[in-house]
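Colleague: Got structure21.txt for you, compact mmCIF, C-alpha atoms and all ligand atoms:
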```
# COMPACT_ATOMS: atom_id res chain seq x y z
CA MET A 22 44.53 -22.01 11.94
CA THR A 23 42.09 -19.09 11.73
CA ALA A 24 38.96 -19.74 9.70
CA HIS A 25 37.95 -17.20 7.05
CA VAL A 26 34.34 -16.03 7.42
CA LEU A 27 32.65 -13.99 4.68
CA LEU A 28 30.04 -11.57 6.00
CA LEU A 29 27.62 -10.19 3.41
CA ALA A 30 26.86 -6.85 5.02
CA GLY A 31 25.01 -3.63 4.17
CA THR A 32 22.66 -3.52 7.16
CA GLU A 33 22.88 -2.31 10.75
CA GLU A 34 22.93 -5.96 11.85
CA GLY A 35 25.84 -6.66 9.52
CA ARG A 36 27.75 -3.78 11.09
CA SER A 37 27.10 -5.01 14.64
CA LEU A 38 28.01 -8.58 13.76
CA ALA A 39 31.28 -7.44 12.17
CA ALA A 40 32.16 -5.62 15.38
CA GLN A 41 31.44 -8.72 17.49
CA LEU A 42 33.21 -11.24 15.25
CA HIS A 43 36.23 -8.95 15.05
CA THR A 44 36.99 -9.70 18.71
CA ASP A 45 37.32 -13.47 18.10
CA PRO A 46 40.99 -14.35 17.51
CA GLY A 47 40.02 -17.72 16.03
CA ILE A 48 38.46 -16.24 12.93
CA ARG A 49 39.32 -13.83 10.16
CA VAL A 50 36.35 -11.94 8.82
CA THR A 51 35.94 -10.21 5.48
CA ALA A 52 32.84 -8.06 5.08
CA SER A 53 31.29 -7.40 1.71
CA LEU A 54 29.22 -4.40 0.59
CA ALA A 55 27.30 -4.04 -2.65
CA GLY A 56 28.65 -0.52 -3.14
CA ALA A 57 25.21 1.07 -3.48
CA THR A 58 25.80 3.65 -0.74
CA ARG A 59 28.28 6.34 -1.71
CA ALA A 60 29.98 6.84 1.67
CA PRO A 61 29.15 3.87 3.91
CA LEU A 62 30.24 3.96 7.53
CA PRO A 63 33.39 1.84 7.90
CA LEU A 64 33.06 -1.67 9.33
CA ALA A 65 35.24 -3.13 12.07
CA VAL A 66 36.74 -5.75 9.71
CA PRO A 67 38.48 -5.63 6.31
CA THR A 68 35.84 -4.86 3.70
CA ARG A 69 35.55 -5.51 -0.01
CA THR A 70 33.04 -3.61 -2.15
CA GLY A 71 31.01 -4.46 -5.27
CA GLY A 72 29.20 -7.44 -6.73
CA PHE A 73 30.92 -10.80 -7.10
CA GLY A 74 29.46 -11.51 -10.53
CA GLY A 75 26.48 -13.68 -9.65
CA ALA A 76 26.48 -17.01 -7.83
CA GLU A 77 29.37 -18.29 -9.93
CA GLY A 78 31.50 -15.27 -9.15
CA LEU A 79 30.76 -15.68 -5.46
CA ALA A 80 31.63 -19.39 -5.61
CA ARG A 81 34.94 -18.46 -7.24
CA TYR A 82 35.63 -15.90 -4.50
CA ILE A 83 34.82 -18.51 -1.83
CA ARG A 84 37.27 -21.00 -3.33
CA GLU A 85 40.06 -18.51 -4.05
CA SER A 86 39.81 -16.83 -0.65
CA GLU A 87 39.37 -20.13 1.20
CA VAL A 88 36.18 -19.00 2.88
CA ALA A 89 35.09 -21.54 5.51
CA ALA A 90 31.64 -20.13 6.31
CA LEU A 91 29.34 -17.37 5.08
CA VAL A 92 26.90 -15.19 6.98
CA ASP A 93 24.32 -13.41 4.85
CA ALA A 94 23.35 -10.27 6.77
CA THR A 95 22.02 -8.40 3.74
CA HIS A 96 18.72 -6.50 3.73
CA PRO A 97 15.52 -8.61 4.00
CA PHE A 98 14.62 -7.47 0.46
CA ALA A 99 18.03 -8.33 -1.06
CA ALA A 100 16.58 -11.47 -2.62
CA GLN A 101 19.10 -11.78 -5.42
CA MET A 102 22.10 -11.69 -3.13
CA ALA A 103 20.47 -14.19 -0.75
CA ALA A 104 19.78 -16.59 -3.63
CA ASN A 105 23.32 -16.19 -4.97
CA ALA A 106 24.76 -16.89 -1.52
CA ALA A 107 22.66 -20.05 -1.16
CA GLN A 108 23.68 -21.30 -4.58
CA ALA A 109 27.39 -20.51 -4.15
CA CYS A 110 27.56 -22.11 -0.70
CA ALA A 111 25.83 -25.24 -2.01
CA ALA A 112 28.26 -25.38 -4.93
CA THR A 113 31.35 -25.00 -2.73
CA GLY A 114 30.05 -27.04 0.21
CA ILE A 115 30.49 -24.36 2.86
CA PRO A 116 27.93 -23.61 5.62
CA ARG A 117 25.75 -20.51 5.31
CA LEU A 118 23.63 -18.61 7.81
CA LYS A 119 20.97 -16.00 7.10
CA LEU A 120 20.76 -13.21 9.69
CA LEU A 121 17.30 -11.73 9.25
CA ARG A 122 15.80 -9.12 11.54
CA PRO A 123 12.20 -9.88 12.57
CA ALA A 124 9.45 -8.50 10.34
CA TRP A 125 6.94 -5.96 11.65
CA LYS A 126 3.72 -7.64 12.75
CA PRO A 127 0.58 -6.73 10.77
CA GLU A 128 -1.60 -4.05 12.34
CA ARG A 129 -5.08 -2.68 11.87
CA GLY A 130 -5.16 -0.39 8.86
CA TRP A 131 -2.54 -2.33 6.90
CA THR A 132 -3.07 -3.99 3.56
CA THR A 133 -0.31 -6.52 3.04
CA VAL A 134 0.67 -7.28 -0.54
CA ALA A 135 3.23 -9.66 -1.99
CA GLU A 136 5.07 -7.31 -4.31
CA LEU A 137 5.49 -3.78 -5.65
CA SER A 138 3.07 -4.15 -8.55
CA ALA A 139 0.34 -5.33 -6.17
CA ALA A 140 1.03 -2.30 -3.95
CA ALA A 141 0.51 0.01 -6.92
CA LEU A 142 -2.78 -1.74 -7.76
CA ALA A 143 -3.99 -1.55 -4.15
CA LEU A 144 -3.90 2.25 -4.10
CA SER A 145 -7.18 4.13 -4.53
CA PRO A 146 -7.51 6.66 -7.38
CA GLY A 147 -6.84 10.23 -6.21
CA ALA A 148 -4.61 9.06 -3.35
CA HIS A 149 -1.49 10.99 -2.36
CA ALA A 150 0.94 8.37 -1.07
CA LEU A 151 4.18 8.63 0.82
CA LEU A 152 6.35 6.04 -0.94
CA THR A 153 9.39 4.67 0.89
CA THR A 154 10.18 1.63 -1.23
CA GLY A 155 13.50 2.94 -2.55
CA ARG A 156 14.51 4.88 -5.63
CA LYS A 157 14.99 1.82 -7.85
CA GLU A 158 11.48 0.59 -7.24
CA ILE A 159 9.12 3.27 -8.46
CA ALA A 160 8.14 2.00 -11.93
CA PRO A 161 4.75 0.43 -10.99
CA PHE A 162 3.80 3.67 -9.20
CA ALA A 163 4.90 5.88 -12.08
CA ALA A 164 2.22 4.11 -14.12
CA ARG A 165 -0.49 5.24 -11.64
CA ILE A 166 -1.09 8.70 -13.09
CA ASP A 167 -4.51 8.79 -11.39
CA ALA A 168 -2.72 9.14 -8.01
CA SER A 169 0.21 11.21 -6.78
CA PHE A 170 3.33 10.24 -4.86
CA LEU A 171 5.81 11.74 -2.47
CA LEU A 172 8.95 9.62 -2.68
CA ARG A 173 11.36 9.57 0.21
CA VAL A 174 14.79 8.61 -1.06
CA ILE A 175 18.32 8.64 0.31
CA GLU A 176 19.82 9.60 -3.04
CA PRO A 177 17.91 11.78 -5.53
CA VAL A 178 16.07 10.35 -8.54
CA SER A 179 16.18 12.21 -11.86
CA GLY A 180 13.44 12.47 -14.49
CA LEU A 181 10.41 11.98 -12.24
CA PRO A 182 6.99 12.32 -13.90
CA PRO A 183 4.78 15.27 -12.83
CA HIS A 184 2.68 13.16 -10.42
CA MET A 185 5.78 12.26 -8.40
CA ARG A 186 7.79 14.52 -6.12
CA GLN A 187 10.72 13.55 -3.91
CA ILE A 188 12.22 14.39 -0.59
CA VAL A 189 15.86 13.40 -0.16
CA ALA A 190 16.51 12.46 3.44
CA ARG A 191 18.45 9.97 5.53
CA PRO A 192 17.14 8.06 8.53
CA PRO A 193 16.58 8.13 11.43
CA PHE A 194 13.13 9.75 11.11
CA PRO A 195 11.67 10.56 14.55
CA LEU A 196 7.95 10.07 15.18
CA GLU A 197 7.14 13.77 15.58
CA ALA A 198 8.84 14.57 12.27
CA GLU A 199 6.95 11.76 10.52
CA ILE A 200 3.65 13.06 11.84
CA ALA A 201 4.52 16.61 10.80
CA LEU A 202 5.51 15.47 7.30
CA MET A 203 2.36 13.42 6.73
CA LYS A 204 0.18 16.31 7.94
CA ALA A 205 2.03 19.01 5.97
CA GLU A 206 1.91 16.96 2.78
CA SER A 207 -1.70 15.79 3.28
CA VAL A 208 -0.57 12.19 2.83
CA THR A 209 -3.49 9.80 2.37
CA HIS A 210 -1.55 6.48 2.23
CA LEU A 211 1.83 5.10 3.22
CA ILE A 212 3.42 2.53 0.91
CA THR A 213 6.42 0.76 2.38
CA LYS A 214 8.29 -2.54 2.63
CA ASN A 215 8.28 -4.80 5.66
CA ALA A 216 11.94 -4.21 6.36
CA GLY A 217 11.51 -4.71 10.13
CA GLY A 218 13.88 -3.13 12.62
CA GLY A 219 14.05 0.37 14.01
CA GLY A 220 12.66 2.46 11.16
CA ARG A 221 9.05 2.10 12.19
CA ALA A 222 8.19 5.66 13.25
CA LYS A 223 6.43 6.14 9.89
CA LEU A 224 4.11 3.26 10.81
CA ASP A 225 3.37 4.73 14.22
CA ALA A 226 2.71 8.11 12.62
CA ALA A 227 0.34 6.52 10.07
CA ARG A 228 -1.53 4.72 12.86
CA LYS A 229 -1.84 7.90 14.88
CA LEU A 230 -3.17 9.84 11.88
CA GLU A 231 -5.29 6.87 10.74
CA ILE A 232 -3.54 6.78 7.38
CA PRO A 233 -3.87 3.40 5.63
CA VAL A 234 -0.62 1.48 5.09
CA ILE A 235 0.12 -0.65 2.05
CA MET A 236 2.81 -3.01 3.28
CA ILE A 237 4.92 -5.02 0.85
CA ASP A 238 5.74 -8.39 2.29
CA ARG A 239 9.26 -9.79 2.35
CA PRO A 240 10.59 -12.28 -0.13
CA THR A 241 11.00 -15.76 1.40
CA PRO A 242 14.66 -16.43 2.21
CA PRO A 243 16.30 -19.48 0.63
CA PRO A 244 15.97 -22.70 2.67
CA GLY A 245 18.60 -23.05 5.41
CA PRO A 246 19.39 -21.82 8.90
CA VAL A 247 18.06 -18.38 9.82
CA VAL A 248 18.67 -16.39 13.02
CA ALA A 249 17.03 -13.15 14.08
CA ASN A 250 19.70 -11.59 16.28
CA ILE A 251 23.42 -10.93 16.56
CA ALA A 252 23.99 -13.21 19.58
CA ASP A 253 22.61 -16.23 17.72
CA ALA A 254 24.71 -15.39 14.67
CA VAL A 255 27.87 -15.16 16.82
CA ALA A 256 27.04 -18.54 18.40
CA TRP A 257 26.47 -20.10 14.95
CA VAL A 258 29.83 -18.82 13.70
CA ALA A 259 31.65 -20.10 16.81
CA GLU A 260 30.11 -23.55 16.50
CA THR A 261 30.60 -23.74 12.73
CA VAL A 262 34.21 -22.67 12.93
CA ALA A 263 34.90 -25.14 15.77
CA ASN A 264 33.61 -27.95 13.53
CA HIS A 265 35.81 -26.67 10.70
CA ARG A 266 39.05 -26.94 12.69
P1 LIG B 301 20.01 -7.62 -4.42
O1 LIG B 301 19.04 -7.12 -5.41
O2 LIG B 301 19.72 -8.92 -3.76
O3 LIG B 301 21.47 -7.69 -5.05
C1 LIG B 301 21.79 -7.25 -6.35
C2 LIG B 301 23.24 -7.49 -6.59
O4 LIG B 301 24.03 -6.60 -5.81
C3 LIG B 301 23.71 -8.88 -6.18
O5 LIG B 301 23.39 -9.84 -7.17
C4 LIG B 301 25.18 -8.64 -6.00
O6 LIG B 301 25.85 -8.55 -7.25
C5 LIG B 301 25.21 -7.26 -5.39
N1 LIG B 301 25.24 -7.31 -3.92
C6 LIG B 301 24.19 -7.17 -3.06
N2 LIG B 301 24.60 -7.20 -1.79
C7 LIG B 301 25.94 -7.39 -1.85
C8 LIG B 301 26.96 -7.51 -0.86
N3 LIG B 301 26.68 -7.42 0.46
N4 LIG B 301 28.24 -7.70 -1.28
C9 LIG B 301 28.52 -7.76 -2.60
N5 LIG B 301 27.63 -7.65 -3.58
C10 LIG B 301 26.34 -7.46 -3.21
O7 LIG B 301 20.23 -6.58 -3.23
P2 LIG B 301 20.34 -4.99 -3.17
O8 LIG B 301 20.57 -4.44 -4.55
O9 LIG B 301 21.32 -4.67 -2.09
O10 LIG B 301 18.92 -4.55 -2.66
C11 LIG B 301 17.72 -5.08 -3.09
C12 LIG B 301 16.57 -4.63 -2.22
O11 LIG B 301 16.90 -4.44 -0.86
C13 LIG B 301 15.98 -3.33 -2.65
O12 LIG B 301 14.60 -3.50 -2.47
C14 LIG B 301 16.51 -2.31 -1.70
O13 LIG B 301 15.62 -1.22 -1.53
C15 LIG B 301 16.62 -3.11 -0.45
N6 LIG B 301 17.71 -2.59 0.40
C16 LIG B 301 17.43 -1.65 1.31
C17 LIG B 301 18.42 -1.18 2.12
C18 LIG B 301 18.09 -0.18 3.16
O14 LIG B 301 18.93 0.15 3.96
N7 LIG B 301 16.88 0.31 3.21
C19 LIG B 301 19.72 -1.65 2.01
C20 LIG B 301 19.99 -2.59 1.06
C21 LIG B 301 18.96 -3.06 0.26
P3 LIG B 301 26.60 -9.80 -7.94
O15 LIG B 301 25.50 -10.69 -8.44
O16 LIG B 301 27.42 -9.19 -9.01
O17 LIG B 301 27.41 -10.46 -6.86
```
Any chance you could put this one into structure tokens?
Modeller:
Amino acid sequence: MTAHVLLLAGTEEGRSLAAQLHTDPGIRVTASLAGATRAPLPLAVPTRTGGFGGAEGLARYIRESEVAALVDATHPFAAQMAANAAQACAATGIPRLKLLRPAWKPERGWTTVAELSAAALALSPGAHALLTTGRKEIAPFAARIDASFLLRVIEPVSGLPPHMRQIVARPPFPLEAEIALMKAESVTHLITKNAGGGGRAKLDAARKLEIPVIMIDRPTPPPGPVVANIADAVAWVAETVANHR
């Protein structure tokens, strides 16, 4: 019997893992996307889209779809989904793995803060910050009318206050382009989240230009097994599914 694995996706790692698990005839994988991106690249496995309706909704889905194991490969800052997954797996008694790409290591010139509001407080008056925290997370910065902000967003934000401007752009952002942007815009600070992974050219550009970085630390994942790479996640699924049979 093939075991049904639910893959909470929405990251590059989730996409790669889907492609790898797809080749295993012993399992049937369903990927899940939040639906936040308008035209996501297709995944190698059947994909459902949209929230489950909290931890209870996810637990219902797990029971109804006879999910045998869950891999949470959501973004390191997707704390709500991670918590829901932990709760739903505990409630239904199925194993869960968190696939979490390594964080960027602190560097000279960084101020690490625990959350968005602390990042807003850490900024000096008169600063002009490049803000890459995402379009839903600008409220604490909107309150800092003694500074100005250049938001980089994938989808445009409407109704920005006068001290905030936006550039709508999609990654990847090469190093030379990051340097050119920071110079052209006279950026004094970079405010970003410790997402880890490949999108670090902005950090290299800031270091080169000696621009201070305000780095928002990751939320702590729920207790339970965590792996940092695709190979370990594939091995976990193989072992977990073998125990299930
Ligand atoms: P979240 O706040 O943890 O999740 C909010 C809700 O979205 C969940 O409760 C769930 O709804 C639904 N959801 C999330 N992931 C899902 C999935 N894979 N399948 C089905 N439903 C899902 O997570 P988020 O809204 O995705 O993102 C939160 C943070 O992560 C933000 O800081 C954002 O900037 C960051 N993020 C960044 C990227 C990126 O590429 N840079 C990508 C994703 C997220 P129900 O409760 O209804 O099930």
Colleague: Quick one: pull the distance between atom CA of Met102 of chain A and atom CA of Glu260 of chain A, Å, one decimal.
Modeller: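 Going from atom CA of Met102 of chain A over to atom CA of Glu260 of chain A covers 24.3 Å.
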Colleague: Tell me, in Å to one decimal, how far atom CA of Arg221 of chain A is from atom N1 of ligand LIG 301 (chain B).
Modeller: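 Computing it gives 24.7 Å between the two atoms.
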Colleague: For ligand LIG 301 (chain B), collect every residue having any atom at a distance of at most 10 Å from a ligand atom (counting all atoms listed in the file); output as a ChimeraX atom specification.
Modeller: /A:27-33,35,52-58,68-80,93-106,137,153-158,174-175,191-192,214,216,220,239-240
Colleague: Hey, what's within 7 Å of segment 252-259 of chain A if we count all atoms listed in the file and toss same-chain stuff fewer than 3 positions away? As a compact mmCIF listing (two decimals) with C-alpha atoms, in the coordinates of the input, please?
Modeller:
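After the write, out.txt holds the following:
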```
# COMPACT_ATOMS: atom_id res chain seq x y z
CA LEU A 42 33.21 -11.24 15.25
CA LEU A 120 20.76 -13.21 9.69
CA VAL A 248 18.67 -16.39 13.02
CA VAL A 262 34.21 -22.67 12.93
CA ALA A 263 34.90 -25.14 15.77
```
Colleague: Between A:Arg117, A:Arg84, A:His265, A:Lys229, which residue has the minimum interatomic distance to Gly130 of chain A, considering only C-alpha atoms?
Modeller: A:Lys229
Colleague: If we count all atoms listed in the file, what is near Asp167 of chain A at a cut-off of 12 Å, once residues fewer than 6 positions away on the same chain are taken out, given as a list of chain:residue names?
Modeller: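 Within the cut-off, the hits are A:Ala141, A:Leu142, A:Leu144, A:Ser145, A:Pro146, A:Gly147, A:Ala148, A:His149, A:Ala150, A:Pro183, A:His184, A:Met185.
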Colleague: For C-alpha atoms, I'd like the residues from the last selection saved as an mmCIF file, in the coordinates of the input.
Modeller:
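part_37.cif was written with the following content:
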```
data_model
loop_
_atom_site.group_PDB
_atom_site.id
_atom_site.type_symbol
_atom_site.label_atom_id
_atom_site.label_comp_id
_atom_site.auth_asym_id
_atom_site.auth_seq_id
_atom_site.Cartn_x
_atom_site.Cartn_y
_atom_site.Cartn_z
ATOM 1 C CA ALA A 141 0.510 0.010 -6.920
ATOM 2 C CA LEU A 142 -2.780 -1.740 -7.760
ATOM 3 C CA LEU A 144 -3.900 2.250 -4.100
ATOM 4 C CA SER A 145 -7.180 4.130 -4.530
ATOM 5 C CA PRO A 146 -7.510 6.660 -7.380
ATOM 6 C CA GLY A 147 -6.840 10.230 -6.210
ATOM 7 C CA ALA A 148 -4.610 9.060 -3.350
ATOM 8 C CA HIS A 149 -1.490 10.990 -2.360
ATOM 9 C CA ALA A 150 0.940 8.370 -1.070
ATOM 10 C CA PRO A 183 4.780 15.270 -12.830
ATOM 11 C CA HIS A 184 2.680 13.160 -10.420
ATOM 12 C CA MET A 185 5.780 12.260 -8.400
#
```
Colleague: So which one's closest to Pro123 of chain A, A:Val66, A:Ala164, A:Ala190, A:Ala249? Using all atoms listed in the file, please.
Modeller: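 Checking each of A:Val66, A:Ala164, A:Ala190, A:Ala249 against Pro123 of chain A, counting all atoms listed in the file, the winner is A:Ala249.
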